[in-house]
file input-v1.cif (mmCIF, C-alpha atoms)
data_query
#
loop_
_atom_site.label_atom_id
_atom_site.label_comp_id
_atom_site.auth_asym_id
_atom_site.auth_seq_id
_atom_site.Cartn_x
_atom_site.Cartn_y
_atom_site.Cartn_z
CA MET A 23 85.30 75.89 89.42
CA ILE A 24 88.90 75.67 90.58
CA ILE A 25 90.29 77.77 93.37
CA ARG A 26 93.98 78.52 93.31
CA ARG A 27 96.33 79.66 96.03
CA THR A 28 99.05 82.22 95.57
CA ASP A 29 102.31 82.84 97.41
CA ARG A 30 102.08 86.62 97.24
CA ARG A 31 102.88 87.86 100.71
CA PRO A 32 100.57 90.92 100.91
CA GLY A 33 97.49 88.96 99.81
CA PRO A 34 96.13 87.65 103.14
CA LEU A 35 96.93 90.85 105.01
CA VAL A 36 95.31 93.07 102.37
CA ALA A 37 92.17 90.93 102.31
CA ALA A 38 92.00 91.06 106.12
CA VAL A 39 92.32 94.87 106.13
CA VAL A 40 89.53 95.21 103.56
CA PHE A 41 87.40 92.80 105.61
CA ALA A 42 87.96 94.80 108.82
CA ILE A 43 87.11 98.14 107.18
CA GLY A 44 83.93 96.72 105.73
CA MET A 45 82.76 95.16 108.99
CA ALA A 46 83.53 98.31 111.02
CA GLY A 47 80.76 100.12 109.18
CA THR A 48 78.16 97.61 110.35
CA THR A 49 78.60 98.58 114.03
CA LEU A 50 79.19 102.33 113.65
CA PRO A 51 75.60 103.22 114.72
CA THR A 52 75.82 101.21 117.97
CA PRO A 53 76.77 104.02 120.41
CA LEU A 54 74.59 106.49 118.50
CA TYR A 55 71.25 104.77 119.09
CA GLY A 56 70.64 106.89 122.19
CA LEU A 57 70.98 110.06 120.09
CA TYR A 58 68.59 108.64 117.48
CA ARG A 59 66.13 107.76 120.24
CA GLN A 60 66.15 111.36 121.49
CA GLU A 61 65.96 112.86 118.01
CA LEU A 62 63.26 110.56 116.60
CA GLY A 63 61.46 109.45 119.78
CA LEU A 64 62.21 105.76 119.25
CA SER A 65 61.38 103.03 121.76
CA GLN A 66 63.87 100.35 122.79
CA LEU A 67 61.87 97.84 120.77
CA MET A 68 62.24 100.00 117.66
CA VAL A 69 65.99 100.24 118.26
CA THR A 70 66.25 96.45 118.25
CA VAL A 71 64.07 96.32 115.11
CA ILE A 72 66.51 98.71 113.40
CA PHE A 73 69.35 96.42 114.47
CA ALA A 74 67.44 93.36 113.26
CA ALA A 75 66.98 95.00 109.86
CA TYR A 76 70.76 94.71 109.49
CA ALA A 77 70.71 91.03 110.45
CA LEU A 78 67.86 90.33 108.06
CA GLY A 79 69.87 91.95 105.27
CA VAL A 80 72.79 89.63 106.06
CA ILE A 81 70.57 86.57 106.10
CA ALA A 82 68.87 87.54 102.81
CA VAL A 83 72.22 87.87 101.03
CA LEU A 84 73.51 84.61 102.46
CA LEU A 85 70.38 82.82 101.25
CA LEU A 86 70.23 84.46 97.81
CA ALA A 87 73.92 84.89 96.99
CA GLY A 88 75.89 83.06 99.64
CA ASN A 89 78.10 81.30 97.11
CA VAL A 90 78.23 83.98 94.41
CA SER A 91 81.95 84.62 95.01
CA ASP A 92 82.62 80.98 94.09
CA GLU A 93 81.14 81.78 90.66
CA VAL A 94 82.30 85.31 89.80
CA GLY A 95 85.43 85.66 91.92
CA ARG A 96 86.26 87.23 95.27
CA ARG A 97 87.34 90.69 94.06
CA PRO A 98 84.09 91.67 92.25
CA VAL A 99 82.03 90.62 95.26
CA LEU A 100 84.25 92.61 97.61
CA LEU A 101 83.87 95.71 95.44
CA VAL A 102 80.07 95.37 95.44
CA ALA A 103 80.15 94.95 99.23
CA LEU A 104 82.23 98.12 99.58
CA GLY A 105 79.75 99.99 97.39
CA LEU A 106 76.83 98.84 99.54
CA SER A 107 78.72 99.94 102.65
CA ALA A 108 79.19 103.39 101.12
CA ALA A 109 75.49 103.61 100.26
CA SER A 110 74.63 102.67 103.85
CA ALA A 111 76.94 105.38 105.22
CA LEU A 112 75.30 107.97 102.96
CA CYS A 113 71.87 107.04 104.36
CA PHE A 114 73.11 107.88 107.86
CA VAL A 115 74.86 111.06 106.73
CA ASP A 116 71.58 112.28 105.25
CA GLU A 117 69.78 111.92 108.65
CA GLY A 118 66.46 111.49 106.87
CA GLY A 119 64.59 109.88 109.76
CA LEU A 120 63.48 106.33 110.50
CA PRO A 121 62.99 105.14 106.88
CA LEU A 122 66.59 106.02 105.94
CA LEU A 123 67.88 104.46 109.17
CA LEU A 124 66.16 101.21 108.26
CA LEU A 125 67.39 101.39 104.67
CA GLY A 126 70.93 102.12 105.83
CA ARG A 127 70.92 99.13 108.15
CA VAL A 128 69.53 96.81 105.45
CA LEU A 129 72.22 97.95 102.99
CA SER A 130 74.83 97.42 105.70
CA GLY A 131 73.48 93.90 106.18
CA PHE A 132 73.74 93.23 102.45
CA ALA A 133 77.38 94.32 102.56
CA ALA A 134 78.17 92.20 105.61
CA GLY A 135 76.58 89.15 104.00
CA LEU A 136 78.83 89.51 100.96
CA PHE A 137 81.93 90.23 103.06
CA SER A 138 81.37 87.21 105.32
CA GLY A 139 81.76 84.60 102.63
CA ALA A 140 83.97 86.31 100.05
CA ALA A 141 86.48 88.02 102.34
CA THR A 142 86.89 85.02 104.62
CA ALA A 143 87.45 82.72 101.66
CA ALA A 144 89.93 85.17 100.12
CA VAL A 145 92.01 85.36 103.29
CA LEU A 146 92.10 81.58 103.64
CA GLU A 147 92.94 80.99 99.97
CA LEU A 148 95.74 83.55 99.90
CA ALA A 149 97.61 81.86 102.73
CA ARG A 150 101.10 80.59 101.94
CA PRO A 151 101.69 76.84 102.36
CA GLY A 152 101.94 76.16 106.07
CA GLY A 153 100.23 79.44 106.95
CA GLU A 154 96.66 78.20 107.03
CA ALA A 155 96.38 78.57 110.82
CA TRP A 156 97.55 82.18 110.69
CA ALA A 157 95.12 82.88 107.85
CA GLY A 158 92.25 81.45 109.87
CA PHE A 159 93.11 83.79 112.73
CA ALA A 160 93.53 86.74 110.35
CA ALA A 161 90.06 86.15 108.88
CA THR A 162 88.23 85.87 112.19
CA ALA A 163 90.28 88.65 113.80
CA ALA A 164 89.51 90.98 110.89
CA ASN A 165 85.82 90.18 111.27
CA MET A 166 85.66 90.70 115.03
CA GLY A 167 88.28 93.46 115.10
CA GLY A 168 86.35 95.44 112.52
CA LEU A 169 83.08 94.94 114.38
CA GLY A 170 84.74 96.12 117.60
CA CYS A 171 86.46 99.17 116.12
CA GLY A 172 83.20 100.50 114.65
CA PRO A 173 81.51 101.44 117.95
CA LEU A 174 84.79 102.61 119.48
CA LEU A 175 85.44 104.98 116.57
CA ALA A 176 81.86 106.26 116.49
CA GLY A 177 81.68 106.72 120.26
CA VAL A 178 84.88 108.75 120.45
CA LEU A 179 83.96 110.94 117.47
CA ALA A 180 80.39 111.48 118.66
CA GLN A 181 81.51 112.45 122.17
CA TYR A 182 84.49 114.65 121.40
CA ALA A 183 84.14 115.87 117.78
CA PRO A 184 81.52 117.93 115.93
CA TRP A 185 78.63 116.48 113.91
CA PRO A 186 78.12 113.39 116.11
CA LEU A 187 75.60 111.80 113.75
CA LYS A 188 77.55 112.56 110.55
CA LEU A 189 81.29 112.51 111.17
CA PRO A 190 81.65 108.78 111.99
CA PHE A 191 80.09 107.87 108.64
CA LEU A 192 82.11 110.45 106.72
CA VAL A 193 85.31 108.98 108.17
CA HIS A 194 84.14 105.51 107.19
CA LEU A 195 83.51 106.65 103.63
CA VAL A 196 87.18 107.65 103.40
CA LEU A 197 88.24 104.24 104.75
CA LEU A 198 85.99 102.50 102.22
CA ALA A 199 87.69 104.41 99.40
CA VAL A 200 91.07 103.19 100.67
CA ALA A 201 89.74 99.62 100.81
CA ALA A 202 88.46 99.85 97.22
CA VAL A 203 91.90 100.96 96.02
CA LEU A 204 93.47 97.99 97.81
CA VAL A 205 91.05 95.55 96.15
CA ILE A 206 91.61 97.02 92.68
CA ARG A 207 95.36 97.59 92.81
CA VAL A 208 96.79 95.07 95.29
CA LEU A 209 94.48 92.14 96.07
CA PRO A 210 94.98 89.12 93.77
CA GLU A 211 92.04 87.03 92.58
CA THR A 212 91.84 83.46 93.89
CA VAL A 213 89.12 82.08 91.60
CA ALA A 214 90.95 80.71 88.58
CA GLU A 215 87.99 80.67 86.18
CA PRO A 216 85.42 83.28 87.27
CA GLY A 217 82.24 83.36 85.23
CA ARG A 218 78.80 84.88 85.28
CA PRO A 219 76.63 84.54 88.39
CA SER A 220 73.51 82.43 88.22
CA PRO A 221 70.22 84.35 88.69
CA PRO A 222 69.52 85.23 92.35
CA ARG A 223 67.20 82.72 93.92
CA PRO A 224 66.70 81.19 97.35
CA ARG A 225 69.55 78.76 97.82
CA ARG A 226 69.75 75.84 100.16
CA LEU A 227 73.06 76.53 101.86
CA VAL A 228 73.47 72.90 102.77
CA PRO A 229 77.06 71.91 103.50
CA PRO A 230 78.48 69.06 101.40
CA PRO A 231 78.20 65.64 103.06
CA GLU A 232 81.90 65.52 103.96
CA VAL A 233 81.54 68.76 105.97
CA ARG A 234 78.38 68.09 107.97
CA GLY A 235 80.03 66.28 110.87
CA VAL A 236 82.16 69.38 111.50
CA PHE A 237 79.54 71.94 110.47
CA VAL A 238 76.70 71.14 112.87
CA PRO A 239 78.49 71.59 116.22
CA SER A 240 80.48 74.53 114.88
CA ALA A 241 77.37 76.34 113.63
CA VAL A 242 75.42 75.79 116.84
CA ALA A 243 78.31 77.15 118.89
CA ALA A 244 78.47 80.19 116.57
CA PHE A 245 74.73 80.77 117.13
CA ALA A 246 75.20 80.90 120.91
CA GLY A 247 78.28 83.14 120.75
CA PHE A 248 76.75 85.60 118.32
CA SER A 249 73.72 85.95 120.59
CA LEU A 250 76.03 87.61 123.10
CA LEU A 251 77.50 89.85 120.41
CA GLY A 252 73.99 90.85 119.37
CA LEU A 253 73.15 91.84 122.92
CA PHE A 254 76.15 94.16 123.14
CA THR A 255 75.86 95.71 119.67
CA ALA A 256 72.11 96.35 119.94
CA VAL A 257 71.30 97.24 123.54
CA ALA A 258 74.50 97.47 125.62
CA PRO A 259 74.69 101.29 125.19
CA SER A 260 71.14 101.49 126.56
CA PHE A 261 72.18 99.31 129.50
CA VAL A 262 75.14 101.61 130.14
CA GLY A 263 73.05 104.78 129.95
CA GLN A 264 69.72 103.78 131.48
CA THR A 265 70.63 101.03 133.93
CA LEU A 266 74.15 102.07 134.96
CA GLY A 267 73.73 105.85 134.59
CA VAL A 268 76.81 106.39 132.37
CA HIS A 269 76.02 108.74 129.48
CA ASN A 270 79.46 109.21 127.88
CA LEU A 271 79.23 107.89 124.30
CA ALA A 272 82.93 107.06 124.20
CA VAL A 273 82.45 104.83 127.26
CA SER A 274 79.47 103.13 125.62
CA GLY A 275 81.52 102.48 122.49
CA ALA A 276 84.44 101.19 124.58
CA VAL A 277 82.18 98.75 126.44
CA VAL A 278 81.00 97.30 123.14
CA PHE A 279 84.62 97.24 121.93
CA THR A 280 85.63 95.07 124.91
CA VAL A 281 83.41 92.16 123.87
CA PHE A 282 85.07 92.10 120.45
CA LEU A 283 88.50 92.56 122.03
CA GLY A 284 87.79 89.49 124.15
CA SER A 285 86.66 87.66 121.02
CA THR A 286 89.85 88.49 119.14
CA THR A 287 91.97 87.37 122.12
CA GLY A 288 90.06 84.10 122.28
CA GLN A 289 90.65 83.56 118.59
CA ALA A 290 94.37 84.12 119.07
CA LEU A 291 94.50 81.27 121.60
CA SER A 292 92.04 78.97 119.86
CA GLY A 293 94.63 77.57 117.46
CA ARG A 294 96.83 76.41 120.33
CA LEU A 295 93.99 74.48 121.95
CA GLY A 296 92.72 72.76 118.81
CA VAL A 297 89.14 72.37 117.64
CA ARG A 298 88.24 69.54 120.02
CA ARG A 299 89.08 71.60 123.11
CA ALA A 300 88.36 75.13 121.89
CA LEU A 301 84.74 74.49 120.90
CA PRO A 302 83.46 73.13 124.24
CA GLY A 303 85.88 75.27 126.23
CA GLY A 304 84.67 78.39 124.47
CA CYS A 305 81.05 77.55 125.31
CA LEU A 306 81.89 77.13 128.99
CA VAL A 307 83.78 80.44 129.13
CA LEU A 308 80.84 82.05 127.34
CA VAL A 309 78.58 80.84 130.17
CA ALA A 310 80.90 82.45 132.72
CA GLY A 311 80.77 85.73 130.79
CA LEU A 312 76.97 85.67 130.68
CA LEU A 313 76.85 85.10 134.43
CA LEU A 314 78.99 88.21 134.90
CA VAL A 315 76.75 90.21 132.56
CA GLY A 316 73.68 89.12 134.52
CA ALA A 317 75.39 90.04 137.79
CA SER A 318 76.32 93.47 136.45
CA LEU A 319 72.67 94.20 135.67
CA ALA A 320 71.50 92.83 139.00
CA VAL A 321 73.85 95.04 141.07
CA ARG A 322 74.22 97.86 138.50
CA SER A 323 78.00 97.60 138.13
CA LEU A 324 79.93 98.88 135.11
CA PRO A 325 83.16 96.97 136.01
CA LEU A 326 81.20 93.71 136.13
CA LEU A 327 79.66 94.47 132.74
CA VAL A 328 83.12 95.07 131.26
CA ALA A 329 84.40 91.85 132.85
CA GLY A 330 81.42 89.97 131.42
CA ALA A 331 82.07 91.45 127.98
CA LEU A 332 85.73 90.40 128.04
CA CYS A 333 85.01 86.92 129.40
CA GLY A 334 82.01 86.23 127.18
CA GLY A 335 83.80 87.60 124.13
CA PHE A 336 86.81 85.43 124.92
CA GLY A 337 84.62 82.32 124.99
CA GLN A 338 82.84 83.33 121.80
CA GLY A 339 86.20 83.88 120.08
CA LEU A 340 87.53 80.48 121.13
CA ALA A 341 84.50 78.68 119.74
CA PHE A 342 84.06 80.88 116.67
CA ARG A 343 87.59 80.54 115.32
CA ALA A 344 87.66 76.81 116.04
CA GLY A 345 84.39 76.34 114.19
CA LEU A 346 85.31 78.51 111.22
CA THR A 347 88.74 76.90 110.86
CA ALA A 348 87.27 73.41 110.98
CA VAL A 349 84.51 74.25 108.48
CA GLY A 350 86.87 76.06 106.10
CA ALA A 351 89.40 73.22 106.17
CA ALA A 352 86.79 70.52 105.61
CA ALA A 353 84.94 72.27 102.78
CA PRO A 354 85.95 71.33 99.22
CA PRO A 355 87.41 74.31 97.30
CA THR A 356 84.52 74.61 94.85
CA HIS A 357 82.01 74.93 97.72
CA ARG A 358 84.11 76.84 100.25
CA GLY A 359 82.39 80.22 99.82
CA GLY A 360 78.91 78.71 100.08
CA THR A 361 79.82 76.55 103.08
CA ILE A 362 81.34 79.51 104.94
CA SER A 363 78.24 81.55 104.11
CA ALA A 364 76.06 78.82 105.63
CA PHE A 365 78.20 78.98 108.78
CA PHE A 366 77.70 82.75 108.99
CA LEU A 367 73.97 82.29 108.34
CA ALA A 368 73.68 80.29 111.56
CA ALA A 369 75.69 82.94 113.39
CA TYR A 370 73.55 85.85 112.16
CA VAL A 371 70.33 84.09 113.08
CA GLY A 372 71.82 84.04 116.58
CA ILE A 373 72.68 87.73 116.47
CA SER A 374 69.18 88.82 115.39
CA LEU A 375 66.31 86.78 116.83
CA PRO A 376 67.37 86.84 120.52
CA VAL A 377 68.01 90.59 120.38
CA VAL A 378 64.53 91.32 119.02
CA GLY A 379 63.26 89.19 121.90
CA VAL A 380 65.09 91.46 124.33
CA GLY A 381 63.46 94.49 122.75
CA ALA A 382 60.03 92.91 123.08
CA LEU A 383 60.67 91.94 126.71
CA THR A 384 61.53 95.53 127.62
CA LEU A 385 57.83 96.40 127.33
CA PRO A 386 56.64 94.16 130.23
CA LEU A 387 59.92 93.71 132.14
CA GLY A 388 61.93 96.86 131.54
CA LEU A 389 65.45 96.97 130.14
CA ARG A 390 67.11 95.45 133.21
CA GLY A 391 64.62 92.58 133.50
CA ALA A 392 64.86 91.86 129.78
CA GLY A 393 68.65 91.70 130.00
CA LEU A 394 68.55 89.29 132.92
CA THR A 395 66.06 87.06 131.11
CA PHE A 396 68.21 87.10 127.99
CA ALA A 397 71.33 86.14 129.95
CA GLY A 398 69.52 83.22 131.57
CA CYS A 399 68.20 81.88 128.26
CA VAL A 400 71.55 82.07 126.46
CA ILE A 401 73.29 80.43 129.43
CA VAL A 402 71.01 77.43 128.98
CA VAL A 403 71.74 77.31 125.23
CA ALA A 404 75.51 77.63 125.73
CA VAL A 405 75.53 74.85 128.34
CA LEU A 406 73.61 72.55 126.01
CA VAL A 407 75.98 73.34 123.15
CA GLY A 408 79.02 72.72 125.36
CA VAL A 409 77.69 69.33 126.42
CA TYR A 410 76.86 68.48 122.81
CA VAL A 411 80.32 69.22 121.45
CA LEU A 412 81.94 67.40 124.38
CA ARG A 413 79.94 64.27 123.55
CA ARG A 414 80.29 64.64 119.76
CA PRO A 415 83.49 66.57 119.13
CA PRO A 416 84.31 67.56 115.55
CA SER A 417 87.48 66.35 113.93
CA GLU A 418 90.48 68.65 113.65
CA GLY A 419 89.77 69.12 109.92
#

call {"tool": "encode", "arguments": {"input": "input-v1.cif", "output": "structure tokens"}}
result
Amino acid sequence: MIIRRTDRRPGPLVAAVVFAIGMAGTTLPTPLYGLYRQELGLSQLMVTVIFAAYALGVIAVLLLAGNVSDEVGRRPVLLVALGLSAASALCFVDEGGLPLLLLGRVLSGFAAGLFSGAATAAVLELARPGGEAWAGFAATAANMGGLGCGPLLAGVLAQYAPWPLKLPFLVHLVLLAVAAVLVIRVLPETVAEPGRPSPPRPRRLVPPPEVRGVFVPSAVAAFAGFSLLGLFTAVAPSFVGQTLGVHNLAVSGAVVFTVFLGSTTGQALSGRLGVRRALPGGCLVLVAGLLLVGASLAVRSLPLLVAGALCGGFGQGLAFRAGLTAVGAAAPPTHRGGTISAFFLAAYVGISLPVVGVGALTLPLGLRGAGLTFAGCVIVVAVLVGVYVLRRPPSEG
């Protein structure tokens, strides 16, 4: 399979817009979990299980079809992902109780798994010669920007507009239709000889030998950073409402938005630092952000929580973009989609397992105690990762 690049100017930007719209749908329910808890009588553990259903959907797609866009092309995979996103939104619009919530989150995870590999590869491959660094930022910024805009949009609509549990998803359905038109009418294909996909089966998403020296430290750093993102997207609104006493849904959505804003800012600066400095530096800044998050829970301070979100997100963004850029540059073209999918697999394991642990810890420790325990554990992981990448830094690609 041969991957070609094109000099069409709108290509990278269009792919990034489609990527952002798709990822926004995956975090739309975040500020609404409190409403679902009241309506359905859910526990905090069940809320984290619903969130984990999304992450399990992502992981399943990455394992079964992580490199399918290398075989059939980027555009068909993006269209399937958009369709799955629409099906997920319809599950939430129906408001059919816990089973449809779980189904909607699993479908959303399927969509995110397809977007992660195919959209990222498309943005990178559509870069003009000399624009690879900008394309790397566009891909990661579209990912994190979309994830951040989802809770902000849902929180504002749920707080100040009618139909709080329906309108956010109806708006997203309109955006998905726009994204589908862009893929069909504007986005060029980057796979020169697309063919039929091989039958779905568990795949070993093992990076090629020439990538492994870059892949291992990058993936471990992504695991640590995405653990923080998982905390904010799954339980931060509960922290804001139950621990800090703030019940405005727009504020809850804005708090979650700040961690992704910090991530996008970190990504913007990561290219200037280079992979060797951005990876360990990002881990150390992530530790500082987690310390602020822990302090905010200890003293019940919303400003400290926002500061921790910005700081921790900034560190995650530094490390995430550095890792993704290094992995994407080192991967051979015929294995780029699969290698990027393996990178996201490590990240989504980080976003799911620790968060379910927080939900389980709420039973004996309460929400505040579980959050403090989580912060302490991830601080240890981030410190270890920072030391590791300082001692064994990846090459610049």

call {"tool": "resolve_selection", "arguments": {"input": "input-v1.cif", "expression": "the PyMOL selection byres ((chain A and resi 137-150) around 6)", "output": "list of chain:residue names"}}
result
A:Arg27, A:Thr28, A:Asp29, A:Gly33, A:Pro34, A:Ala37, A:Phe41, A:Ser91, A:Arg96, A:Ala134, A:Gly135, A:Leu136, A:Pro151, A:Gly153, A:Glu154, A:Ala157, A:Ala161, A:Gly359, A:Ile362, A:Ser363

call {"tool": "write_last_selection", "arguments": {"input": "input-v1.cif", "atoms": "C-alpha atoms", "output": "mmCIF file, keeping the file's coordinate frame"}}
result
data_model
loop_
_atom_site.group_PDB
_atom_site.id
_atom_site.type_symbol
_atom_site.label_atom_id
_atom_site.label_comp_id
_atom_site.auth_asym_id
_atom_site.auth_seq_id
_atom_site.Cartn_x
_atom_site.Cartn_y
_atom_site.Cartn_z
ATOM 1 C CA ARG A 27 96.330 79.660 96.030
ATOM 2 C CA THR A 28 99.050 82.220 95.570
ATOM 3 C CA ASP A 29 102.310 82.840 97.410
ATOM 4 C CA GLY A 33 97.490 88.960 99.810
ATOM 5 C CA PRO A 34 96.130 87.650 103.140
ATOM 6 C CA ALA A 37 92.170 90.930 102.310
ATOM 7 C CA PHE A 41 87.400 92.800 105.610
ATOM 8 C CA SER A 91 81.950 84.620 95.010
ATOM 9 C CA ARG A 96 86.260 87.230 95.270
ATOM 10 C CA ALA A 134 78.170 92.200 105.610
ATOM 11 C CA GLY A 135 76.580 89.150 104.000
ATOM 12 C CA LEU A 136 78.830 89.510 100.960
ATOM 13 C CA PRO A 151 101.690 76.840 102.360
ATOM 14 C CA GLY A 153 100.230 79.440 106.950
ATOM 15 C CA GLU A 154 96.660 78.200 107.030
ATOM 16 C CA ALA A 157 95.120 82.880 107.850
ATOM 17 C CA ALA A 161 90.060 86.150 108.880
ATOM 18 C CA GLY A 359 82.390 80.220 99.820
ATOM 19 C CA ILE A 362 81.340 79.510 104.940
ATOM 20 C CA SER A 363 78.240 81.550 104.110
#

call {"tool": "closest_residue", "arguments": {"input": "input-v1.cif", "among": "A:Ala256, A:Val402, A:Leu35, A:Leu340", "to": "Leu204 of chain A", "atoms": "all atoms listed in the file"}}
result
A:Leu35

call {"tool": "closest_residue", "arguments": {"input": "input-v1.cif", "among": "A:Pro98, A:Gly168, A:Pro184, A:Gly118", "to": "Thr48 of chain A", "atoms": "all atoms listed in the file"}}
result
A:Gly168

call {"tool": "residues_around", "arguments": {"input": "input-v1.cif", "residues": "Gly345 of chain A", "least_positions_apart": "6", "cutoff": "9 Å", "atoms": "all atoms listed in the file", "output": "list in words"}}
result
Val236, Phe237, Pro239, Ser240, Ala241, Ala243, Ala244, Val297, Ala300, Leu301, Phe365 and Pro416 of chain A

call {"tool": "resolve_selection", "arguments": {"input": "input-v1.cif", "expression": "the PyMOL selection byres ((chain A and resi 133) around 12)", "output": "PyMOL selection string"}}
result
chain A and resi 41+43-48+76-84+87-88+99-111+126-132+134-141+198

call {"tool": "resolve_selection", "arguments": {"input": "input-v1.cif", "expression": "the PyMOL selection byres ((chain A and resi 245) around 10)", "output": "list in words"}}
result
Pro239, Ser240, Ala241, Val242, Ala243, Ala244, Ala246, Gly247, Phe248, Ser249, Leu250, Gln338, Phe342, Phe365, Phe366, Leu367, Ala368, Ala369, Tyr370, Val371, Gly372, Ile373, Ser374, Val400, Val403, Ala404 and Val407 of chain A

call {"tool": "closest_residue", "arguments": {"input": "input-v1.cif", "among": "A:Arg414, A:Thr347, A:Gly119, A:Val409", "to": "Gly63 of chain A", "atoms": "all atoms listed in the file"}}
result
A:Gly119

call {"tool": "build_atoms", "arguments": {"input": "input-v1.cif", "residues": "segment 164-177 of chain A", "atoms": "N, CA, C and O atoms", "output": "PDB file, in the coordinates of the input"}}
result
ATOM      1  N   ALA A 164      89.961  89.848 111.703  1.00  0.00           N
ATOM      2  CA  ALA A 164      89.510  90.980 110.890  1.00  0.00           C
ATOM      3  C   ALA A 164      88.014  91.189 111.049  1.00  0.00           C
ATOM      4  O   ALA A 164      87.533  92.333 111.151  1.00  0.00           O
ATOM      5  N   ASN A 165      87.263  90.102 111.084  1.00  0.00           N
ATOM      6  CA  ASN A 165      85.820  90.180 111.270  1.00  0.00           C
ATOM      7  C   ASN A 165      85.489  90.817 112.621  1.00  0.00           C
ATOM      8  O   ASN A 165      84.820  91.846 112.702  1.00  0.00           O
ATOM      9  N   MET A 166      85.990  90.215 113.700  1.00  0.00           N
ATOM     10  CA  MET A 166      85.660  90.700 115.030  1.00  0.00           C
ATOM     11  C   MET A 166      86.350  92.024 115.344  1.00  0.00           C
ATOM     12  O   MET A 166      85.786  92.893 116.018  1.00  0.00           O
ATOM     13  N   GLY A 167      87.587  92.196 114.878  1.00  0.00           N
ATOM     14  CA  GLY A 167      88.280  93.460 115.100  1.00  0.00           C
ATOM     15  C   GLY A 167      87.564  94.614 114.428  1.00  0.00           C
ATOM     16  O   GLY A 167      87.422  95.702 115.004  1.00  0.00           O
ATOM     17  N   GLY A 168      87.100  94.400 113.200  1.00  0.00           N
ATOM     18  CA  GLY A 168      86.350  95.440 112.520  1.00  0.00           C
ATOM     19  C   GLY A 168      85.047  95.758 113.226  1.00  0.00           C
ATOM     20  O   GLY A 168      84.694  96.930 113.422  1.00  0.00           O
ATOM     21  N   LEU A 169      84.327  94.729 113.647  1.00  0.00           N
ATOM     22  CA  LEU A 169      83.080  94.940 114.380  1.00  0.00           C
ATOM     23  C   LEU A 169      83.315  95.705 115.679  1.00  0.00           C
ATOM     24  O   LEU A 169      82.491  96.527 116.089  1.00  0.00           O
ATOM     25  N   GLY A 170      84.445  95.444 116.348  1.00  0.00           N
ATOM     26  CA  GLY A 170      84.740  96.120 117.600  1.00  0.00           C
ATOM     27  C   GLY A 170      85.193  97.556 117.402  1.00  0.00           C
ATOM     28  O   GLY A 170      84.862  98.446 118.204  1.00  0.00           O
ATOM     29  N   CYS A 171      85.954  97.814 116.352  1.00  0.00           N
ATOM     30  CA  CYS A 171      86.460  99.170 116.120  1.00  0.00           C
ATOM     31  C   CYS A 171      85.360 100.134 115.688  1.00  0.00           C
ATOM     32  O   CYS A 171      85.470 101.350 115.923  1.00  0.00           O
ATOM     33  N   GLY A 172      84.291  99.634 115.080  1.00  0.00           N
ATOM     34  CA  GLY A 172      83.200 100.500 114.650  1.00  0.00           C
ATOM     35  C   GLY A 172      82.594 101.301 115.787  1.00  0.00           C
ATOM     36  O   GLY A 172      82.561 102.543 115.738  1.00  0.00           O
ATOM     37  N   PRO A 173      82.090 100.655 116.858  1.00  0.00           N
ATOM     38  CA  PRO A 173      81.510 101.440 117.950  1.00  0.00           C
ATOM     39  C   PRO A 173      82.526 102.280 118.707  1.00  0.00           C
ATOM     40  O   PRO A 173      82.191 103.362 119.209  1.00  0.00           O
ATOM     41  N   LEU A 174      83.774 101.813 118.802  1.00  0.00           N
ATOM     42  CA  LEU A 174      84.790 102.610 119.480  1.00  0.00           C
ATOM     43  C   LEU A 174      85.057 103.908 118.712  1.00  0.00           C
ATOM     44  O   LEU A 174      85.108 105.001 119.293  1.00  0.00           O
ATOM     45  N   LEU A 175      85.218 103.805 117.401  1.00  0.00           N
ATOM     46  CA  LEU A 175      85.440 104.980 116.570  1.00  0.00           C
ATOM     47  C   LEU A 175      84.254 105.931 116.635  1.00  0.00           C
ATOM     48  O   LEU A 175      84.413 107.147 116.840  1.00  0.00           O
ATOM     49  N   ALA A 176      83.047 105.403 116.481  1.00  0.00           N
ATOM     50  CA  ALA A 176      81.860 106.260 116.490  1.00  0.00           C
ATOM     51  C   ALA A 176      81.648 106.911 117.850  1.00  0.00           C
ATOM     52  O   ALA A 176      81.269 108.086 117.933  1.00  0.00           O
ATOM     53  N   GLY A 177      81.876 106.168 118.927  1.00  0.00           N
ATOM     54  CA  GLY A 177      81.680 106.720 120.260  1.00  0.00           C
ATOM     55  C   GLY A 177      82.624 107.866 120.560  1.00  0.00           C
ATOM     56  O   GLY A 177      82.215 108.911 121.100  1.00  0.00           O
TER      57      GLY A 177
END
